[in-house]
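Asker: Structure in structure tokens, see below.
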Amino acid sequence: MDELLQIRNLNVGFLVKKKPINIINQLNLDIYKDEILAVIGETGCGKSVTGSAILHLLPENAIVSGSIMYKGQETLHMKDSEFRELRGNEIMCVPQSPSTSLDPLMRVGKQVSECTLGKKHNRTDAKAVVKSKVTDIFGKLKLPRGASIYDDFPCELSGGMCQRVLISMGILTHPDLLVIDEPTKAIDWALRKDVLEILSELRQEMNCAMMLITHDIPLANRLADRVAVMYAGEIVEIGKTADVLEHPIHPYTQGLIASTPSKGFKVMKGFMPAFSDLPDGCRFKDRCPYACESCGQGTTELKEAENNHMVRCNRQIGQTEEGSVKYVGSYQLMQELRVGVLAK
Ligand SMILES: Nc1ncnc2c1ncn2[C@@H]1O[C@H](COP(=O)(O)OP(=O)(O)OP(=O)(O)O)[C@@H](O)[C@H]1O
Ligand SMILES: [Mg+2]
């Protein structure tokens with residue numbers, strides 16, 4: 001497969017009270033052309049920080065090192081002015097929160113139209129051409145009242161409509177890579193189904209790779225080709241969607257799947273450690289039902305468990321005390337997630 005984006009040894013930290021706190025630790029990740037890679041994990045594990053690093057949208061207190069290659073070109077140390085030729089053209093994003101990402105004082109149509117300003121060959125497009133492109137996209141995304149919302153302000157739209165306005169910004173310029181952050185957060189169940197349909201349709205129509213950052217495991221299961229699971233700034237498991245979600249190996253992935261609503265919220269014990277006070281060895285060990293002495297020592301590398309299915313666990317992966325592989329009923333659980341929840 002062709003790599004579109006190659007992240008190598010990415011570290012992202014923040015200067016807090018003059019002290020650096022490392023968040024993303026030696027992250028390696030590829031995104032292939034036209035694939036959807038879902039990044040899942042508990043709140044605060046570093047999903048959005050990773051997305052922001054790709055998009056050059058980290059705040060000023062960020063300290064970054066490593067490499068992010070896009071189409072073979074190093075982007076991490078590009079000047080912002082240089083990177084802006086990519087962001088807005090080939091790389092686009094749909095940010096996490098519609099309520100804070102849209103300018104409340106600007107008409108939504110104008111906000112979406114502004115996204116074409118970065119597109120080199122569109123800079124000269126007449127206003128009318130841009131407006132018709134925007135209204136076309138509004139129609140495609142089945143925005144109620146279609147073209148007529150062009151002149152509305154965000155406060156005149158519902159949360160779900162604002163979410164679709166943000167998605168239209170992301171796709172207007174036909175990017176090659178779309179980083180889409182929590183498209184179903186803060187919207188209700190019916191609208192979630194709409195967003196899911198929109199993203200499924202877009203995936204068929206647009207030849208575009210997506211990094212889909214989400215808490216929504218059924219959404220990842222439905223849309224993604226591969227899934228990466230993050231815990232405390234590290235990827236702990238990555239592989240094909242069916243491998244990771246139907247046969248999770250890392251105890252954290254197993255716990256995350258078991259804590260979904262359809263499984264009756266079997267919440268994992270404990271909390272993610274603070275980034276300022278990370279334990280030695282495996283970062284998950286204090287919450288892990290299988291933790292043993294060796295988990296507290298050294299570094300835990302991401303290793304291949306089976307065909308391109310990588311797991312960061314020092315133990316003989318997924319083995320119970322008796323030595324048999326334990327999947328905590330995940331196959332059955334995933335059937336429930338796919339068939340039961342999504343069909344409703
Ligand atoms: N500018 C900043 N300064 C200091 N710490 C920050 C900054 N931005 C993010 N962080 C910290 O980085 C960690 C990862 O944050 P991030 O937003 O990536 O989480 P997330 O996985 O996207 O969570 P969520 O699912 O809630 O969106 C958090 O502990 C957060 O507090
Ligand atoms: Mg986030």
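We label chains A, B, ... in the order they appear in the structure tokens, count residues from 1 in each chain, and number ligands from 1 in the order shown.
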Compile the contact shell of A:Lys140 as a list in words: residues with an atom at most 9 Å away, counting only C-alpha atoms, same-chain residues fewer than 5 positions apart removed.
Answerer: Thr135, Gly146 and Ile198 of chain A
Asker: Taking only C-alpha atoms and all ligand atoms into account, which residues have an atom no farther than 7 Å from ligand 1? I'd like them as a list of chain:residue names.
Answerer: A:Phe14, A:Leu15, A:Val16, A:Ile23, A:Gly41, A:Glu42, A:Thr43, A:Gly44, A:Cys45, A:Gly46, A:Lys47, A:Ser48, A:Val49, A:Thr50, A:Pro59, A:Asn61, A:Ala62, A:His215, A:Phe275
Asker: Taking C-alpha atoms for each residue, export the selection above as a PDB file, in the first residue's frame.
Answerer:
ATOM      1  CA  PHE A  14       3.991  21.188  26.362  1.00  0.00           C
ATOM      2  CA  LEU A  15       5.797  23.739  28.444  1.00  0.00           C
ATOM      3  CA  VAL A  16       3.672  24.054  31.568  1.00  0.00           C
ATOM      4  CA  ILE A  23       2.409  13.884  25.946  1.00  0.00           C
ATOM      5  CA  GLY A  41      -8.841   5.955  23.156  1.00  0.00           C
ATOM      6  CA  GLU A  42     -10.039   7.547  26.388  1.00  0.00           C
ATOM      7  CA  THR A  43     -10.288  11.268  26.822  1.00  0.00           C
ATOM      8  CA  GLY A  44      -6.928  12.991  27.219  1.00  0.00           C
ATOM      9  CA  CYS A  45      -4.848  10.164  25.709  1.00  0.00           C
ATOM     10  CA  GLY A  46      -3.428  12.412  22.978  1.00  0.00           C
ATOM     11  CA  LYS A  47      -5.639  11.848  19.926  1.00  0.00           C
ATOM     12  CA  SER A  48      -6.255  15.521  19.136  1.00  0.00           C
ATOM     13  CA  VAL A  49      -2.671  16.506  19.960  1.00  0.00           C
ATOM     14  CA  THR A  50      -1.516  13.971  17.340  1.00  0.00           C
ATOM     15  CA  PRO A  59      -0.234  25.937  20.444  1.00  0.00           C
ATOM     16  CA  ASN A  61       3.851  26.113  24.273  1.00  0.00           C
ATOM     17  CA  ALA A  62       4.270  22.867  22.299  1.00  0.00           C
ATOM     18  CA  HIS A 215     -14.557   7.747  21.011  1.00  0.00           C
ATOM     19  CA  PHE A 275       1.494  12.813  32.016  1.00  0.00           C
TER      20      PHE A 275
END
Asker: Out of A:Ala305, A:Val179, A:Ile63, A:Ile238, which residue has the shortest atom-to-atom distance to ligand 2 when counting only C-alpha atoms and all ligand atoms?
Answerer: A:Val179
Asker: Need the shell around A:Leu177: protein/DNA/RNA residues with any atom at most 8 Å away, counting only C-alpha atoms. Skip same-chain ones fewer than 3 positions apart. Format as a ChimeraX atom specification?
Answerer: /A:90-92,208-211
Asker: What would the file look like if the residues just selected were written as a PDB file, in the first residue's frame with N, CA and C atoms?
Answerer:
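Dumped to part_30.pdb:
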ATOM      1  N   GLU A  90      -4.287  20.231   0.162  1.00  0.00           N
ATOM      2  CA  GLU A  90      -4.278  18.762   0.137  1.00  0.00           C
ATOM      3  C   GLU A  90      -4.632  18.143   1.479  1.00  0.00           C
ATOM      4  N   ILE A  91      -4.362  18.897   2.539  1.00  0.00           N
ATOM      5  CA  ILE A  91      -4.655  18.373   3.880  1.00  0.00           C
ATOM      6  C   ILE A  91      -5.703  19.283   4.511  1.00  0.00           C
ATOM      7  N   MET A  92      -6.789  18.677   4.961  1.00  0.00           N
ATOM      8  CA  MET A  92      -7.841  19.488   5.575  1.00  0.00           C
ATOM      9  C   MET A  92      -8.237  18.866   6.908  1.00  0.00           C
ATOM     10  N   CYS A 208     -10.009   9.886  -0.744  1.00  0.00           N
ATOM     11  CA  CYS A 208      -9.344  10.715   0.253  1.00  0.00           C
ATOM     12  C   CYS A 208      -9.035   9.850   1.465  1.00  0.00           C
ATOM     13  N   ALA A 209      -7.833   9.993   1.998  1.00  0.00           N
ATOM     14  CA  ALA A 209      -7.519   9.258   3.228  1.00  0.00           C
ATOM     15  C   ALA A 209      -8.085  10.050   4.400  1.00  0.00           C
ATOM     16  N   MET A 210      -8.540   9.335   5.412  1.00  0.00           N
ATOM     17  CA  MET A 210      -9.063  10.039   6.596  1.00  0.00           C
ATOM     18  C   MET A 210      -8.414   9.506   7.858  1.00  0.00           C
ATOM     19  N   MET A 211      -8.060  10.442   8.732  1.00  0.00           N
ATOM     20  CA  MET A 211      -7.691  10.051  10.087  1.00  0.00           C
ATOM     21  C   MET A 211      -8.911  10.408  10.931  1.00  0.00           C
TER      22      MET A 211
END
Asker: Quick check for you: according to DSSP on this backbone, which residues of stretch 123-182 of chain A are classed as alpha helix (DSSP H)? Reply as a PyMOL selection string.
Answerer: chain A and resi 127-140+159-171
Asker: Using only C-alpha atoms, which residues sit within 7 Å of A:Gly66 once same-chain residues fewer than 5 positions away are excluded, as an mmCIF file with C-alpha atoms, in the first residue's frame?
Answerer:
data_model
loop_
_atom_site.group_PDB
_atom_site.id
_atom_site.type_symbol
_atom_site.label_atom_id
_atom_site.label_comp_id
_atom_site.auth_asym_id
_atom_site.auth_seq_id
_atom_site.Cartn_x
_atom_site.Cartn_y
_atom_site.Cartn_z
ATOM 1 C CA ARG A 8 8.220 8.545 12.892
ATOM 2 C CA ASN A 9 9.376 8.965 16.505
ATOM 3 C CA LEU A 10 6.999 11.834 17.088
ATOM 4 C CA ASN A 11 7.256 13.434 20.519
#
Asker: May I ask for the distance between atom CA of A:Gly239 and atom CA of A:His309, given in Å to one decimal place?
Answerer: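 Separation of atom CA of A:Gly239 and atom CA of A:His309: 4.3 Å.
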Asker: Could you please determine the separation between atom CA of A:Ala224 and atom CA of A:Asp188 in Å, to one decimal place?
Answerer: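 If I compute the distance from atom CA of A:Ala224 to atom CA of A:Asp188, I get 21.4 Å.
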Asker: Got a sec: who's within 9 Å of A:Arg87, counting only C-alpha atoms, leaving out chain neighbours fewer than 6 positions off, as a ChimeraX atom specification?
Answerer: /A:55-56,93,118,175
